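Enquirer: Enclosed is the structure file my_file_9.cif (mmCIF, C-alpha atoms).
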data_upload
loop_
_atom_site.label_atom_id
_atom_site.label_comp_id
_atom_site.auth_asym_id
_atom_site.auth_seq_id
_atom_site.Cartn_x
_atom_site.Cartn_y
_atom_site.Cartn_z
CA MET A 1316 85.22 -19.49 -103.57
CA LYS A 1317 82.35 -19.51 -106.06
CA ASN A 1318 79.85 -19.00 -103.21
CA CYS A 1319 81.64 -16.01 -101.74
CA ASP A 1320 79.81 -13.36 -103.78
CA GLN A 1321 76.55 -13.91 -101.95
CA PHE A 1322 78.25 -13.14 -98.62
CA ARG A 1323 80.26 -10.11 -99.67
CA GLU A 1324 77.64 -7.62 -98.48
CA LEU A 1325 77.24 -9.30 -95.11
CA PHE A 1326 80.72 -8.93 -93.63
CA GLU A 1327 80.26 -5.50 -92.01
CA GLY A 1328 76.78 -6.36 -90.75
CA TYR A 1329 78.14 -9.57 -89.29
CA ALA A 1330 80.92 -7.74 -87.45
CA LEU A 1331 78.41 -5.19 -86.22
CA GLY A 1332 76.04 -7.94 -85.06
CA VAL A 1333 73.02 -6.68 -87.01
CA LEU A 1334 72.39 -9.64 -89.28
CA ASP A 1335 69.20 -11.53 -88.76
CA ALA A 1336 69.54 -15.18 -87.77
CA GLU A 1337 69.22 -16.65 -91.25
CA GLU A 1338 71.91 -14.45 -92.78
CA ARG A 1339 74.24 -14.92 -89.83
CA ILE A 1340 73.92 -18.69 -89.77
CA ALA A 1341 74.43 -18.92 -93.52
CA LEU A 1342 77.60 -16.84 -93.29
CA GLU A 1343 78.89 -18.82 -90.31
CA ALA A 1344 78.26 -22.06 -92.16
CA HIS A 1345 80.25 -20.71 -95.10
CA LEU A 1346 83.10 -19.58 -92.82
CA ALA A 1347 83.10 -23.03 -91.24
CA THR A 1348 83.99 -24.50 -94.62
CA GLY A 1349 87.38 -22.81 -94.22
CA CYS A 1350 87.06 -19.98 -96.74
CA SER A 1351 90.15 -17.95 -95.90
CA ASP A 1352 89.21 -14.98 -98.12
CA CYS A 1353 85.90 -14.48 -96.35
CA ALA A 1354 87.51 -15.07 -92.94
CA LYS A 1355 90.01 -12.32 -93.74
CA SER A 1356 87.24 -9.97 -94.86
CA VAL A 1357 85.29 -10.64 -91.67
CA ALA A 1358 88.38 -9.93 -89.58
CA GLU A 1359 88.84 -6.61 -91.41
CA ALA A 1360 85.18 -5.81 -90.85
CA HIS A 1361 85.65 -6.38 -87.11
CA TRP A 1362 88.55 -3.95 -87.20
CA LEU A 1363 86.47 -1.37 -89.09
CA VAL A 1364 83.52 -1.68 -86.71
CA SER A 1365 85.77 -1.27 -83.65
CA HIS A 1366 86.33 2.34 -84.77
CA LEU A 1367 82.74 3.17 -83.85
CA ALA A 1368 83.85 3.16 -80.20
CA TYR A 1369 85.56 6.46 -80.92
CA ILE A 1370 82.21 8.20 -81.39
CA THR A 1371 81.89 8.57 -77.63
CA PRO A 1372 84.09 11.13 -75.89
CA ASP A 1373 86.64 9.66 -73.49
CA SER A 1374 85.51 9.35 -69.90
CA ARG A 1375 87.47 8.01 -66.96
CA PRO A 1376 86.26 5.33 -64.54
CA SER A 1377 86.75 6.10 -60.85
CA GLU A 1378 90.11 5.47 -59.25
CA MET A 1379 88.41 3.01 -56.90
CA ILE A 1380 87.93 0.61 -59.83
CA LYS A 1381 91.58 0.76 -60.70
CA GLY A 1382 92.54 0.19 -57.07
CA ARG A 1383 90.36 -2.91 -56.80
CA LEU A 1384 91.53 -4.23 -60.13
CA MET A 1385 95.20 -3.73 -59.31
CA GLN A 1386 94.80 -5.52 -55.99
CA LYS A 1387 93.29 -8.54 -57.71
CA VAL A 1388 95.90 -8.53 -60.44
CA ARG A 1389 98.76 -8.22 -57.99
CA ALA A 1390 97.32 -11.05 -55.91
CA GLU A 1391 97.06 -13.25 -59.00
CA ALA A 1392 100.54 -12.23 -60.15
CA ARG A 1393 101.93 -13.53 -56.87
CA ASN A 1394 100.07 -16.78 -57.37
CA PRO A 1395 100.27 -17.45 -61.13
CA ARG A 1396 98.21 -20.63 -60.80
CA SER A 1397 95.16 -18.53 -60.10
CA ARG A 1398 95.73 -16.53 -63.27
CA GLY A 1399 94.25 -17.38 -66.62
CA GLN A 1400 91.86 -20.10 -65.67
CA SER A 1401 91.45 -21.02 -69.28
CA LYS A 1402 87.95 -21.41 -70.48
CA THR A 1403 87.20 -23.93 -73.09
CA SER A 1404 85.99 -22.45 -76.31
CA VAL A 1405 83.35 -24.30 -78.14
CA GLN A 1406 84.47 -25.53 -81.52
CA PHE A 1407 81.74 -25.92 -84.11
CA SER A 1408 82.41 -28.38 -86.84
CA LEU A 1409 79.91 -27.55 -89.46
CA TRP A 1410 79.24 -29.23 -92.74
CA ALA A 1411 78.00 -27.09 -95.57
CA GLY A 1412 75.50 -29.61 -96.84
CA VAL A 1413 73.42 -29.94 -93.67
CA ALA A 1414 71.93 -26.49 -93.42
CA ALA A 1415 68.59 -27.60 -92.04
CA LEU A 1416 70.15 -29.58 -89.23
CA LEU A 1417 72.53 -26.75 -88.62
CA LEU A 1418 69.71 -24.31 -87.94
CA ILE A 1419 68.28 -26.47 -85.18
CA THR A 1420 71.68 -27.31 -83.69
CA LEU A 1421 72.91 -23.74 -83.61
CA TYR A 1422 69.73 -22.52 -82.01
CA SER A 1423 70.06 -25.12 -79.24
CA VAL A 1424 73.72 -24.30 -78.71
CA TRP A 1425 72.93 -20.61 -78.57
CA ASP A 1426 70.22 -21.20 -76.01
CA ALA A 1427 72.51 -23.30 -73.81
CA HIS A 1428 75.34 -20.82 -74.25
CA GLN A 1429 73.09 -18.01 -73.00
CA SER A 1430 72.26 -19.96 -69.87
CA LYS A 1431 75.90 -20.86 -69.27
CA GLN A 1432 76.92 -17.22 -69.65
CA GLN A 1433 74.33 -16.15 -67.11
CA ILE A 1434 75.52 -18.76 -64.62
CA ARG A 1435 79.17 -17.89 -65.24
CA ALA A 1436 78.46 -14.18 -64.81
CA ALA A 1437 76.67 -14.81 -61.52
CA GLN A 1438 79.55 -17.00 -60.32
CA GLY A 1439 82.05 -14.34 -61.36
CA GLN A 1440 80.19 -11.61 -59.47
CA ALA A 1441 79.96 -13.77 -56.36
CA ALA A 1442 83.67 -14.57 -56.55
CA ASP A 1443 84.52 -10.87 -56.96
CA ALA A 1444 82.38 -9.91 -53.97
CA GLU A 1445 83.99 -12.66 -51.92
CA ALA A 1446 87.47 -11.48 -52.89
CA GLN A 1447 86.63 -7.90 -51.91
CA LEU A 1448 85.21 -9.07 -48.60
CA ALA A 1449 88.35 -11.11 -47.93
CA VAL A 1450 90.54 -8.06 -48.57
CA ALA A 1451 88.38 -5.92 -46.26
CA ARG A 1452 88.65 -8.57 -43.52
CA ILE A 1453 92.43 -8.67 -43.79
CA GLU A 1454 92.62 -4.87 -43.68
CA SER A 1455 90.42 -4.79 -40.55
CA ALA A 1456 92.48 -7.53 -38.88
CA ILE A 1457 95.69 -5.58 -39.46
CA LEU A 1458 94.22 -2.29 -38.27
CA ILE A 1459 92.66 -3.59 -35.04
CA ASP A 1460 95.40 -6.01 -33.96
CA PRO A 1461 97.46 -4.34 -31.21
CA ALA A 1462 100.45 -6.41 -32.37
CA SER A 1463 100.58 -4.47 -35.64
CA VAL A 1464 103.48 -2.03 -35.85
CA ARG A 1465 102.19 1.53 -36.40
CA VAL A 1466 104.03 3.84 -38.76
CA ALA A 1467 103.18 7.53 -39.18
CA LEU A 1468 104.35 8.93 -42.48
CA SER A 1469 104.96 12.66 -42.33
CA PRO A 1470 104.93 14.88 -45.39
CA LEU A 1471 108.30 16.39 -46.27
CA ASN A 1472 106.29 19.35 -47.50
CA SER A 1473 104.75 20.55 -44.25
CA SER A 1474 101.38 21.41 -45.82
CA GLY A 1475 100.51 17.82 -46.75
CA PRO A 1476 98.43 15.40 -44.65
CA LYS A 1477 99.96 12.65 -42.51
CA LEU A 1478 99.52 9.05 -43.63
CA ASP A 1479 99.19 6.00 -41.43
CA ALA A 1480 100.46 2.48 -41.92
CA ALA A 1481 99.93 -0.63 -39.81
CA TRP A 1482 102.30 -3.55 -40.34
CA HIS A 1483 101.19 -6.99 -39.25
CA SER A 1484 103.75 -9.78 -39.25
CA GLN A 1485 101.31 -12.25 -40.75
CA TYR A 1486 98.86 -10.27 -42.88
CA GLY A 1487 100.97 -7.46 -44.33
CA ILE A 1488 100.73 -3.68 -44.37
CA VAL A 1489 97.69 -1.43 -44.61
CA LEU A 1490 98.44 2.13 -45.67
CA THR A 1491 95.70 4.75 -45.39
CA GLY A 1492 95.43 8.42 -46.21
CA GLN A 1493 92.92 11.24 -46.39
CA ASN A 1494 92.97 14.59 -48.17
CA VAL A 1495 95.92 13.41 -50.23
CA PRO A 1496 96.48 15.47 -53.38
CA VAL A 1497 95.84 13.38 -56.50
CA PRO A 1498 98.99 13.21 -58.71
CA ALA A 1499 98.76 15.02 -62.03
CA GLY A 1500 97.75 13.10 -65.15
CA ASN A 1501 98.19 9.37 -64.86
CA ARG A 1502 101.05 9.55 -62.39
CA VAL A 1503 100.83 7.46 -59.26
CA LEU A 1504 102.10 7.40 -55.70
CA GLN A 1505 104.41 4.49 -54.94
CA LEU A 1506 105.36 3.00 -51.60
CA TRP A 1507 109.02 2.12 -50.90
CA LEU A 1508 110.53 0.06 -48.08
CA ILE A 1509 113.89 1.30 -46.87
CA PRO A 1510 115.92 -1.62 -45.49
CA ASN A 1511 118.10 -1.43 -42.39
CA ALA A 1512 121.30 -2.17 -44.33
CA LEU A 1513 123.59 0.86 -44.48
CA ASP A 1514 123.52 1.15 -48.23
CA GLY A 1515 120.13 -0.50 -48.58
CA LYS A 1516 118.36 0.66 -51.69
CA PRO A 1517 114.62 1.38 -51.52
CA ILE A 1518 112.56 -1.71 -52.27
CA PRO A 1519 109.64 -0.92 -54.62
CA SER A 1520 106.15 -1.76 -53.42
CA LEU A 1521 102.64 -1.05 -54.71
CA THR A 1522 101.35 2.05 -56.45
CA LEU A 1523 98.15 3.91 -55.72
CA ARG A 1524 96.06 6.91 -56.66
CA PRO A 1525 93.75 8.50 -54.08
CA ASP A 1526 90.09 8.85 -55.05
CA ALA A 1527 88.58 12.22 -55.95
CA SER A 1528 88.23 13.12 -52.25
CA GLY A 1529 91.89 12.30 -51.62
CA LYS A 1530 91.18 9.10 -49.73
CA PHE A 1531 92.86 5.71 -50.19
CA VAL A 1532 93.35 2.36 -48.46
CA LEU A 1533 96.13 0.15 -49.77
CA LEU A 1534 96.80 -3.42 -48.69
CA ILE A 1535 100.27 -4.84 -49.24
CA SER A 1536 99.64 -8.52 -48.62
CA HIS A 1537 103.19 -9.79 -48.85
CA PRO A 1538 105.77 -7.14 -47.97
CA PRO A 1539 109.20 -8.44 -48.96
CA LYS A 1540 110.75 -8.00 -45.50
CA VAL A 1541 109.43 -8.17 -41.95
CA ALA A 1542 109.01 -4.90 -40.11
CA ALA A 1543 112.13 -5.32 -37.98
CA GLU A 1544 114.32 -5.45 -41.09
CA THR A 1545 112.91 -2.23 -42.46
CA LYS A 1546 114.07 1.18 -41.32
CA ALA A 1547 111.40 3.30 -42.93
CA LEU A 1548 108.56 3.60 -45.39
CA ALA A 1549 108.57 6.30 -48.05
CA ILE A 1550 106.24 7.44 -50.79
CA THR A 1551 107.18 9.10 -54.06
CA GLU A 1552 105.31 10.18 -57.14
CA GLU A 1553 106.07 7.94 -60.11
CA PRO A 1554 104.99 7.42 -63.72
CA PRO A 1555 102.03 5.12 -64.45
CA GLY A 1556 102.81 1.55 -63.45
CA GLY A 1557 105.40 2.58 -60.89
CA SER A 1558 109.18 2.32 -61.05
CA LEU A 1559 111.88 -0.13 -60.07
CA GLN A 1560 113.89 2.69 -58.54
CA PRO A 1561 112.49 5.98 -57.27
CA THR A 1562 112.49 8.68 -59.94
CA THR A 1563 111.61 11.55 -57.59
CA THR A 1564 112.39 12.53 -54.04
CA PRO A 1565 109.97 11.27 -51.34
CA LEU A 1566 106.81 13.13 -50.51
CA TRP A 1567 106.21 11.20 -47.26
CA VAL A 1568 108.56 9.31 -44.98
CA GLY A 1569 107.92 7.38 -41.77
CA ARG A 1570 110.32 5.53 -39.50
CA VAL A 1571 109.36 1.95 -38.70
CA GLY A 1572 109.43 0.98 -35.00
CA MET B 355 120.01 8.97 -42.94
CA PHE B 356 117.74 6.49 -44.61
CA LEU B 357 117.41 8.55 -47.77
CA THR B 358 121.08 8.45 -48.71
CA ALA B 359 120.49 5.59 -51.15
CA TRP B 360 117.89 7.64 -53.02
CA THR B 361 118.99 7.86 -56.64
CA PRO B 362 116.26 9.17 -58.93
CA ILE B 363 116.35 7.90 -62.52
CA ASP B 364 114.74 9.22 -65.69
CA ASP B 365 111.20 8.22 -66.54
CA PRO B 366 111.10 5.10 -68.71
CA ALA B 367 110.04 5.56 -72.31
CA VAL B 368 106.43 4.94 -73.17
CA SER B 369 106.01 1.40 -74.51
CA SER B 370 103.86 0.35 -77.43
CA ASP B 371 100.75 -1.73 -76.85
CA THR B 372 102.45 -4.73 -78.39
CA ALA B 373 105.44 -4.44 -76.09
CA LEU B 374 103.19 -4.03 -73.07
CA VAL B 375 101.11 -7.06 -74.07
CA HIS B 376 104.31 -9.06 -74.44
CA ARG B 377 105.30 -8.06 -70.90
CA LEU B 378 101.79 -8.85 -69.70
CA VAL B 379 102.18 -12.44 -70.83
CA GLN B 380 105.26 -12.55 -68.58
CA ASN B 381 103.08 -11.63 -65.57
CA ASP B 382 104.25 -8.00 -65.53
CA VAL B 383 101.78 -6.05 -63.40
CA SER B 384 103.16 -2.64 -64.32
CA ALA B 385 102.54 -3.41 -68.01
CA PHE B 386 98.95 -4.20 -67.12
CA GLU B 387 98.64 -0.93 -65.26
CA SER B 388 100.04 1.00 -68.24
CA LEU B 389 97.55 -0.65 -70.59
CA TYR B 390 94.76 0.14 -68.15
CA ASP B 391 95.78 3.79 -67.87
CA ARG B 392 96.08 4.07 -71.63
CA HIS B 393 92.85 2.39 -72.69
CA SER B 394 90.42 2.51 -69.79
CA PRO B 395 89.00 5.94 -70.80
CA LEU B 396 87.98 4.60 -74.22
CA VAL B 397 86.70 1.31 -72.81
CA TYR B 398 84.78 3.05 -70.05
CA ALA B 399 83.25 5.61 -72.42
CA LEU B 400 82.06 2.83 -74.73
CA VAL B 401 80.64 0.69 -71.93
CA LEU B 402 79.00 3.69 -70.25
CA ARG B 403 77.38 4.64 -73.54
CA ILE B 404 75.95 1.14 -73.87
CA LEU B 405 74.79 0.71 -70.27
CA GLN B 406 73.94 4.36 -69.50
CA ASN B 407 74.75 3.79 -65.84
CA ALA B 408 78.12 4.39 -64.18
CA GLY B 409 77.91 1.59 -61.57
CA PRO B 410 77.31 -1.33 -63.94
CA ALA B 411 79.66 0.26 -66.48
CA GLU B 412 82.50 0.23 -63.97
CA GLU B 413 81.80 -3.42 -63.15
CA VAL B 414 82.05 -4.30 -66.83
CA VAL B 415 85.26 -2.33 -67.22
CA GLN B 416 86.73 -4.23 -64.30
CA ASP B 417 85.61 -7.51 -65.85
CA VAL B 418 87.07 -6.60 -69.24
CA PHE B 419 90.47 -5.77 -67.82
CA LEU B 420 90.47 -8.89 -65.65
CA GLN B 421 89.77 -10.90 -68.79
CA LEU B 422 92.66 -9.09 -70.45
CA TRP B 423 94.93 -10.03 -67.56
CA ARG B 424 93.76 -13.63 -67.45
CA ASN B 425 93.58 -14.29 -71.19
CA THR B 426 96.37 -12.18 -72.62
CA ALA B 427 97.89 -15.16 -74.33
CA LYS B 428 94.80 -15.45 -76.52
CA TYR B 429 95.51 -12.09 -78.16
CA ASP B 430 97.59 -12.57 -81.29
CA ALA B 431 99.41 -9.32 -82.06
CA SER B 432 100.26 -10.40 -85.58
CA ARG B 433 96.60 -10.53 -86.54
CA GLY B 434 95.32 -7.12 -85.56
CA PRO B 435 95.72 -4.09 -83.33
CA PHE B 436 95.35 -4.61 -79.61
CA VAL B 437 92.92 -1.76 -79.16
CA SER B 438 90.44 -3.24 -81.67
CA TRP B 439 90.52 -6.53 -79.80
CA LEU B 440 90.02 -4.81 -76.47
CA VAL B 441 87.16 -2.66 -77.77
CA ALA B 442 85.39 -5.71 -79.22
CA LEU B 443 85.78 -7.52 -75.90
CA ALA B 444 84.36 -4.52 -74.02
CA ARG B 445 81.42 -4.12 -76.38
CA ASN B 446 80.54 -7.81 -76.16
CA ARG B 447 80.66 -7.73 -72.38
CA ALA B 448 78.59 -4.56 -72.15
CA LEU B 449 75.92 -5.89 -74.52
CA ASP B 450 75.86 -9.13 -72.51
CA ALA B 451 75.32 -7.11 -69.34
CA LEU B 452 72.58 -5.12 -71.04
CA ARG B 453 70.77 -8.28 -72.04
CA ARG B 454 71.27 -9.94 -68.66
CA LYS B 455 69.82 -7.03 -66.80
CA GLY B 456 66.75 -7.19 -68.99
CA GLU B 457 66.73 -3.44 -69.28
CA ARG B 458 65.38 -3.79 -72.77
CA GLN B 459 63.45 -6.39 -74.59
CA ARG B 460 65.71 -7.58 -77.28
CA ARG B 461 66.18 -10.68 -79.29
CA ARG B 462 69.54 -10.00 -80.73
CA GLU B 463 70.93 -13.33 -81.85
CA ASP B 464 74.10 -13.91 -79.95
CA GLN B 465 77.40 -14.20 -81.73
CA VAL B 466 79.50 -13.50 -78.68
CA ASP B 467 82.31 -15.86 -77.81
CA GLU B 468 84.46 -15.87 -74.72
CA LEU B 469 86.80 -13.53 -76.49
CA PRO B 470 86.19 -11.42 -79.58
CA SER B 471 86.99 -12.49 -83.08
CA VAL B 472 90.27 -11.37 -84.44
CA ALA B 473 90.13 -7.85 -85.83
CA ALA B 474 92.64 -7.66 -88.63
CA ALA B 475 93.86 -4.26 -89.66
CA PRO B 476 94.44 -3.75 -93.35
CA GLN B 477 97.86 -2.48 -94.36
CA TYR B 478 96.85 1.18 -94.31
CA GLU B 479 95.86 1.05 -90.65
CA ARG B 480 99.42 1.04 -89.37
CA GLU B 481 100.07 4.47 -90.82
CA ILE B 482 97.29 6.31 -89.04
CA ASP B 483 97.79 7.27 -85.48
CA GLN B 484 94.99 6.90 -83.02
CA LYS B 485 94.23 10.60 -82.58
CA ARG B 486 93.76 11.12 -86.27
CA ARG B 487 91.53 8.05 -86.47
CA ILE B 488 89.36 9.36 -83.66
CA GLU B 489 88.99 12.74 -85.36
CA ARG B 490 88.19 11.10 -88.66
CA VAL B 491 85.54 8.80 -87.22
CA ARG B 492 83.85 11.62 -85.32
CA SER B 493 83.96 13.94 -88.28
CA LEU B 494 82.49 11.34 -90.61
CA MET B 495 79.70 10.40 -88.22
CA GLY B 496 78.83 14.08 -87.93
CA GLU B 497 78.43 14.26 -91.69
CA LEU B 498 75.99 11.36 -91.96
CA ASN B 499 72.27 11.82 -92.33
CA PRO B 500 70.97 11.91 -88.70
CA ARG B 501 68.70 8.89 -89.29
CA GLN B 502 71.57 6.94 -90.83
CA LYS B 503 73.79 7.84 -87.89
CA MET B 504 71.03 6.76 -85.50
CA ALA B 505 70.72 3.39 -87.27
CA ILE B 506 74.46 2.75 -86.87
CA GLU B 507 74.39 3.83 -83.23
CA LEU B 508 71.41 1.57 -82.47
CA ALA B 509 73.36 -1.30 -83.96
CA TYR B 510 76.68 -0.61 -82.27
CA PHE B 511 75.64 0.70 -78.87
CA GLU B 512 72.37 -1.15 -78.35
CA GLY B 513 73.05 -4.37 -80.18
CA LEU B 514 69.88 -4.21 -82.27
CA SER B 515 69.51 -6.24 -85.46
CA HIS B 516 68.59 -4.82 -88.88
CA THR B 517 64.98 -5.83 -88.33
CA GLU B 518 64.80 -4.31 -84.86
CA ILE B 519 66.32 -1.06 -86.08
CA ALA B 520 63.82 -0.92 -88.95
CA LEU B 521 61.00 -1.32 -86.44
CA ALA B 522 62.48 1.23 -84.04
CA LEU B 523 62.96 3.85 -86.76
CA LYS B 524 59.82 2.90 -88.69
CA GLU B 525 61.85 2.62 -91.89
CA PRO B 526 61.86 -0.15 -94.50
CA LEU B 527 64.32 -2.97 -93.75
CA GLY B 528 66.14 -2.41 -97.05
CA THR B 529 66.69 1.26 -96.23
CA VAL B 530 68.18 0.43 -92.84
CA LYS B 531 70.51 -2.20 -94.32
CA SER B 532 71.65 0.24 -96.95
CA TRP B 533 72.21 3.08 -94.45
CA ILE B 534 74.36 0.91 -92.21
CA ARG B 535 76.39 -0.62 -94.99
CA THR B 536 77.02 2.63 -96.87
CA GLY B 537 77.89 4.37 -93.59
CA LEU B 538 80.49 1.73 -92.78
CA MET B 539 81.80 1.76 -96.34
CA ARG B 540 82.28 5.53 -96.10
CA LEU B 541 84.16 5.06 -92.86
CA LYS B 542 86.39 2.48 -94.51
CA GLU B 543 87.05 4.76 -97.50
CA GLU B 544 87.76 7.67 -95.18
CA LEU B 545 90.35 5.63 -93.29
CA GLN B 546 91.93 4.43 -96.52
CA ALA B 547 91.86 7.81 -98.25
CA THR B 548 94.48 9.55 -96.16
CA THR B 549 97.25 7.02 -96.47
#
Please render this file's structure as structure tokens.

Expert:
Amino acid sequence: MKNCDQFRELFEGYALGVLDAEERIALEAHLATGCSDCAKSVAEAHWLVSHLAYITPDSRPSEMIKGRLMQKVRAEARNPRSRGQSKTSVQFSLWAGVAALLLITLYSVWDAHQSKQQIRAAQGQAADAEAQLAVARIESAILIDPASVRVALSPLNSSGPKLDAAWHSQYGIVLTGQNVPVPAGNRVLQLWLIPNALDGKPIPSLTLRPDASGKFVLLISHPPKVAAETKALAITEEPPGGSLQPTTTPLWVGRVG
Amino acid sequence: MFLTAWTPIDDPAVSSDTALVHRLVQNDVSAFESLYDRHSPLVYALVLRILQNAGPAEEVVQDVFLQLWRNTAKYDASRGPFVSWLVALARNRALDALRRKGERQRRREDQVDELPSVAAAPQYEREIDQKRRIERVRSLMGELNPRQKMAIELAYFEGLSHTEIALALKEPLGTVKSWIRTGLMRLKEELQATT
């Protein structure tokens, strides 16, 4: 505790990332001794600094990004093993009395860490591109295979555009649309599968938002039922994240088969 | 016909970040989508400001939210607000991307981990809603001396060190350190003052 005074003016600069190497390493060495008061102050400084993000006015990323992201997340949700590939975090055990050695060690670690991050980033980008390519291949396979069941979804409001779906027994459903009005606010369109059973309740499927030009392509990799067991497809407007039961009446409906 | 089973229900209530994160840990995709819809404008605005280019900014946003999905369990709700954690993650990723692309010559010493340090909110934080915080931060930054504001922005959005900022602004190092620290202290006081 008696050393804490010399670090008191560094907490905010540390959280902001502006400290020069000497100051930063000295503070990190002190934190590594287990000083809980300084650790708490640093955590509060991180919180304070995070408010600087509010300086910039809000701006929305394109809907395409959300579409891609949701496809990946849904794919990983279906296969939880692929989720959360935990990365090992490097634990530094530092001793306060070896400052000179620490300087050299930390610099080497930093240098190696930089290289690892670059490699990891490149691997991540390649994996993302590969995943997108795989999705595009599946979509093409469904659309061009004559065995796919075609479903035309007509708007219940006659002024809307028609949507098309192709249902492949092995690869899933591809739903496409053009000139589709974008739902207000953050609301989304959600696909429902209407089973053949007499009192069959709509089965919730994926949500989507068309891009600014009203276009979308949605891949449903694992529809819960095969086409023959489904009477129709329907689309409603739902709150963000979709619903377990429809909360509005359908905007589009198409009979299957 | 096939719409007879259609029984609309009321919209579900809006969940808190903490509740959504809890659901996210349970593999709930709709919770993820809600968090994305709620926070992606702030994350995107921050990343775009850092990278100044929509394409790379969108890639980073995608990466940030994938990290959120894959590492949710590493966020500890009892130790700080979710949005601070997410913002720190986004800033770290954007500054990494900036350095990787070599768009600027910089020698900012790296303190970035896989995930950001815990951002602990002091007691008073819980009583301020986000809108009021945004207004307060923007208002305060508008009141700062323009050079002081620029020093803070160079630090936060460009990842420059004290020394680099002093060189960029052609100001003494001590002046830059003082500007940044007093600016942040004013922000802290401002946030505390209204509780």

Enquirer: Any idea which chain A residues end up within 7 Å of chain B if we count all atoms listed in the file, as a count of residues only please?

Expert: 45

Enquirer: Work out how far atom CA of Glu544 of chain B is from atom CA of Gln502 of chain B, in Å to one decimal.

Expert: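 Atom CA of Gln502 of chain B sits 16.8 Å away from atom CA of Glu544 of chain B.
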
Enquirer: Box for segment 1553-1566 of chain A - axis-aligned, 5 Å on each of the six sides, all listed atoms - centre and size in Å to one decimal, as lines of an AutoDock Vina configuration file.

Expert:
center_x = 108.0
center_y = 6.5
center_z = -57.5
size_x = 21.9
size_y = 23.3
size_z = 23.9

Enquirer: Would you compute the distance between atom CA of Val1532 of chain A and atom CA of Pro1517 of chain A? Give it in Å to one decimal.

Expert: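 Interatomic distance here is 21.5 Å.
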
Enquirer: So the first atom is atom CA of Glu1324 of chain A and the second is atom CA of Val530 of chain B; what is the distance between them in Å, to one decimal place?

Expert: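 Going from atom CA of Glu1324 of chain A over to atom CA of Val530 of chain B, I get 13.6 Å.
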
Enquirer: Counting all atoms listed in the file, figure out which residue out of A:Ser1536, A:Thr1545, A:Thr1564, A:Gln1485 gets nearest to Pro1470 of chain A.

Expert: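 Counting all atoms listed in the file, the residue closest to Pro1470 of chain A is A:Thr1564.
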
Enquirer: Have a look at A:Met1379, A:Ile1340, A:Ile1459, A:Ala1436 and name the one nearest to Leu1421 of chain A; count all atoms listed in the file.

Expert: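 Among the listed residues, A:Ile1340 lies closest to Leu1421 of chain A.
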
Enquirer: Here's a test: counting only C-alpha atoms, identify every protein, DNA and RNA residue with an atom at most 8 Å from (103.5, -11.1, -37.1) in the file's coordinate frame, and state them as a list in words.

Expert: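 Result, sorted by chain then residue number: Ala1462, Ser1463, His1483, Ser1484, Gln1485 and Tyr1486 of chain A.
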
Enquirer: Written as a PyMOL selection string, which residues does the PyMOL selection byres ((chain B and resi 371) around 9) give for the file shown?

Expert: chain B and resi 369-370+372-376+389+435-437
